[in-house]
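> Next up, input07.cif (mmCIF, C-alpha atoms).
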data_final
#
loop_
_atom_site.group_PDB
_atom_site.id
_atom_site.type_symbol
_atom_site.label_atom_id
_atom_site.label_comp_id
_atom_site.auth_asym_id
_atom_site.auth_seq_id
_atom_site.Cartn_x
_atom_site.Cartn_y
_atom_site.Cartn_z
ATOM 1 C CA MET A 1 -84.559 -128.249 23.129
ATOM 2 C CA LYS A 2 -84.768 -124.713 21.785
ATOM 3 C CA MET A 3 -84.216 -123.463 25.280
ATOM 4 C CA PHE A 4 -81.116 -125.596 25.635
ATOM 5 C CA ILE A 5 -79.706 -124.144 22.386
ATOM 6 C CA LYS A 6 -80.510 -120.602 23.545
ATOM 7 C CA LEU A 7 -78.734 -121.222 26.878
ATOM 8 C CA SER A 8 -75.747 -122.738 25.096
ATOM 9 C CA VAL A 9 -75.485 -119.796 22.689
ATOM 10 C CA ALA A 10 -75.827 -117.349 25.608
ATOM 11 C CA SER A 11 -73.120 -119.112 27.656
ATOM 12 C CA VAL A 12 -70.776 -119.290 24.651
ATOM 13 C CA SER A 13 -71.410 -115.596 23.992
ATOM 14 C CA GLY A 14 -70.657 -114.782 27.624
ATOM 15 C CA ALA A 15 -67.442 -116.848 27.494
ATOM 16 C CA VAL A 16 -66.337 -115.066 24.315
ATOM 17 C CA VAL A 17 -67.038 -111.646 25.887
ATOM 18 C CA TYR A 18 -65.087 -112.667 29.025
ATOM 19 C CA LEU A 19 -62.211 -113.950 26.876
ATOM 20 C CA ILE A 20 -62.124 -110.723 24.846
ATOM 21 C CA TYR A 21 -62.129 -108.679 28.069
ATOM 22 C CA ASN A 22 -59.160 -110.659 29.470
ATOM 23 C CA VAL A 23 -57.223 -110.398 26.193
ATOM 24 C CA ASN A 24 -57.887 -106.639 26.179
ATOM 25 C CA GLN A 25 -56.572 -106.312 29.768
ATOM 26 C CA THR A 26 -53.447 -108.328 28.923
ATOM 27 C CA LEU A 27 -52.746 -106.216 25.845
ATOM 28 C CA SER A 28 -53.203 -103.016 27.865
ATOM 29 C CA LYS A 29 -50.652 -104.196 30.433
ATOM 30 C CA GLY A 30 -48.313 -105.210 27.610
ATOM 31 C CA MET A 31 -48.604 -101.748 26.048
ATOM 32 C CA GLY A 32 -47.773 -100.151 29.406
ATOM 33 C CA THR A 33 -44.711 -102.354 29.708
ATOM 34 C CA LEU A 34 -43.630 -101.452 26.160
ATOM 35 C CA GLU A 35 -43.992 -97.730 26.929
ATOM 36 C CA GLU A 36 -41.790 -98.110 30.020
ATOM 37 C CA THR A 37 -39.269 -100.061 27.958
ATOM 38 C CA ASN A 38 -39.198 -97.306 25.342
ATOM 39 C CA LYS A 39 -38.608 -94.667 28.047
ATOM 40 C CA THR A 40 -35.801 -96.730 29.550
ATOM 41 C CA LEU A 41 -34.181 -97.232 26.146
ATOM 42 C CA GLU A 42 -34.336 -93.494 25.487
ATOM 43 C CA GLU A 43 -32.645 -92.798 28.838
ATOM 44 C CA VAL A 44 -29.956 -95.390 28.063
ATOM 45 C CA ARG A 45 -29.353 -93.821 24.642
ATOM 46 C CA ASN A 46 -28.963 -90.381 26.219
ATOM 47 C CA ALA A 47 -26.595 -91.744 28.866
ATOM 48 C CA VAL A 48 -24.495 -93.586 26.288
ATOM 49 C CA HIS A 49 -24.374 -90.480 24.099
ATOM 50 C CA GLY A 50 -23.151 -88.434 27.074
ATOM 51 C CA LEU A 51 -20.514 -91.023 27.905
ATOM 52 C CA THR A 52 -19.404 -91.121 24.294
ATOM 53 C CA GLN A 53 -18.869 -87.360 24.285
ATOM 54 C CA GLU A 54 -16.917 -87.520 27.557
ATOM 55 C CA SER A 55 -14.815 -90.401 26.232
ATOM 56 C CA LYS A 56 -13.987 -88.462 23.080
ATOM 57 C CA GLN A 57 -12.920 -85.453 25.177
ATOM 58 C CA LEU A 58 -10.811 -87.673 27.426
ATOM 59 C CA ILE A 59 -9.079 -89.298 24.451
ATOM 60 C CA HIS A 60 -8.459 -85.892 22.908
ATOM 61 C CA SER A 61 -6.934 -84.614 26.176
ATOM 62 C CA ALA A 62 -4.775 -87.736 26.488
ATOM 63 C CA ASN A 63 -3.523 -87.240 22.927
ATOM 64 C CA GLN A 64 -2.616 -83.629 23.689
ATOM 65 C CA ILE A 65 -0.758 -84.630 26.870
ATOM 66 C CA THR A 66 1.086 -87.386 24.998
ATOM 67 C CA ALA A 67 2.157 -84.967 22.270
ATOM 68 C CA ASP A 68 3.279 -82.433 24.889
ATOM 69 C CA VAL A 69 5.326 -85.024 26.798
ATOM 70 C CA LYS A 70 6.855 -86.313 23.572
ATOM 71 C CA GLY A 71 7.902 -82.782 22.598
ATOM 72 C CA LYS A 72 9.435 -82.170 26.012
ATOM 73 C CA MET A 73 11.316 -85.463 25.862
ATOM 74 C CA GLU A 74 12.709 -84.498 22.460
ATOM 75 C CA ASN A 75 13.895 -81.212 23.994
ATOM 76 C CA VAL A 76 15.551 -82.987 26.940
ATOM 77 C CA ASP A 77 17.300 -85.691 24.873
ATOM 78 C CA PRO A 78 20.129 -83.416 23.643
ATOM 79 C CA LEU A 79 20.682 -82.207 27.213
ATOM 80 C CA LEU A 80 21.000 -85.781 28.459
ATOM 81 C CA GLY A 81 23.364 -86.586 25.595
ATOM 82 C CA SER A 82 25.505 -83.590 26.531
ATOM 83 C CA ALA A 83 25.520 -84.658 30.188
ATOM 84 C CA GLN A 84 26.694 -88.114 29.133
ATOM 85 C CA ASP A 85 29.464 -86.568 27.011
ATOM 86 C CA VAL A 86 30.570 -84.386 29.942
ATOM 87 C CA GLY A 87 30.608 -87.457 32.209
ATOM 88 C CA GLU A 88 32.790 -89.335 29.745
ATOM 89 C CA ILE A 89 35.165 -86.372 29.464
ATOM 90 C CA ILE A 90 35.450 -86.106 33.257
ATOM 91 C CA HIS A 91 36.071 -89.846 33.464
ATOM 92 C CA ASN A 92 38.825 -89.606 30.826
ATOM 93 C CA VAL A 93 40.435 -86.613 32.555
ATOM 94 C CA THR A 94 40.334 -88.408 35.911
ATOM 95 C CA ASN A 95 41.923 -91.516 34.414
ATOM 96 C CA SER A 96 44.592 -89.396 32.726
ATOM 97 C CA MET A 97 45.353 -87.631 36.009
ATOM 98 C CA LYS A 98 45.549 -90.970 37.852
ATOM 99 C CA GLU A 99 47.918 -92.370 35.282
ATOM 100 C CA ALA A 100 50.035 -89.219 35.310
ATOM 101 C CA SER A 101 50.250 -89.187 39.113
ATOM 102 C CA LEU A 102 51.163 -92.864 39.220
ATOM 103 C CA GLU A 103 53.891 -92.376 36.590
ATOM 104 C CA ASP A 104 55.470 -89.453 38.514
ATOM 105 C CA ARG A 105 55.546 -91.293 41.850
ATOM 106 C CA PRO A 106 58.465 -93.535 42.826
ATOM 107 C CA LYS A 107 57.505 -97.145 43.337
ATOM 108 C CA ASP A 108 58.983 -97.656 46.830
ATOM 109 C CA LEU A 109 57.886 -94.383 48.368
ATOM 110 C CA SER A 110 56.862 -94.726 51.955
ATOM 111 C CA THR A 111 55.945 -91.567 53.832
ATOM 112 C CA ARG A 112 54.643 -91.045 57.295
ATOM 113 C CA THR A 113 52.823 -87.909 58.239
ATOM 114 C CA GLU A 114 51.629 -87.032 61.721
ATOM 115 C CA ALA A 115 49.121 -84.330 62.369
ATOM 116 C CA GLU A 116 47.391 -83.914 65.698
ATOM 117 C CA GLY A 117 47.887 -87.504 66.727
ATOM 118 C CA VAL A 118 46.738 -89.041 63.425
ATOM 119 C CA GLN A 119 49.206 -91.079 61.412
ATOM 120 C CA ILE A 120 48.864 -91.365 57.643
ATOM 121 C CA ILE A 121 51.022 -93.864 55.844
ATOM 122 C CA ILE A 122 51.255 -93.621 52.030
ATOM 123 C CA LYS A 123 52.808 -96.538 50.152
#
Starting from the file, lay out its structure as structure tokens.

Amino acid sequence: MKMFIKLSVASVSGAVVYLIYNVNQTLSKGMGTLEETNKTLEEVRNAVHGLTQESKQLIHSANQITADVKGKMENVDPLLGSAQDVGEIIHNVTNSMKEASLEDRPKDLSTRTEAEGVQIIIK
């Protein structure tokens, strides 16, 4: 019976040693995985930081372009307003000339003009 107890204690001891060895191997693999994860996270942080800097520069450039375009539009607005005023003046002058020419013309005027075989009839 003592021998049976000794064999049982020895087998339990061997099982515990084997279990500890397997747990140690699993933890070692887990530590390796955690180290790789930490390296990957560091690379992602660096990449995100770089992108953040580029995004800030892009936004700054876009703001400068927007301000420049806005300033140029403000400079062009008076010119467009003047062009519109000139167009209205020309339109008014043209209408005045039309009205003046229609008032000076007799109502039943009929004229025929021939030039090089072309007939023009004005009524």
> Hey, can you check how far CA of Ser82 (chain A) sits from CA of Ser101 (chain A)?
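Value for the CA of Ser82 (chain A)-CA of Ser101 (chain A) distance: 28.3 Å.
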> Please, what distance in Å, to one decimal, runs between CA of Glu43 (chain A) and CA of Asn24 (chain A)?
28.9 Å
> Just to confirm, what's the straight-line distance from CA of Gly71 (chain A) to CA of Ala83 (chain A) in Å (one decimal)?
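Going from CA of Gly71 (chain A) over to CA of Ala83 (chain A), I get 19.3 Å.
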> Grab all the atoms of region 69-88 of chain A that the file lists, wrap them in a box along x, y and z, add 6 Å per side, and give me centre plus edge lengths in Å (one decimal) as lines of an AutoDock Vina configuration file.

center_x = 19.1
center_y = -85.3
center_z = 27.3
size_x = 39.5
size_y = 20.1
size_z = 21.7
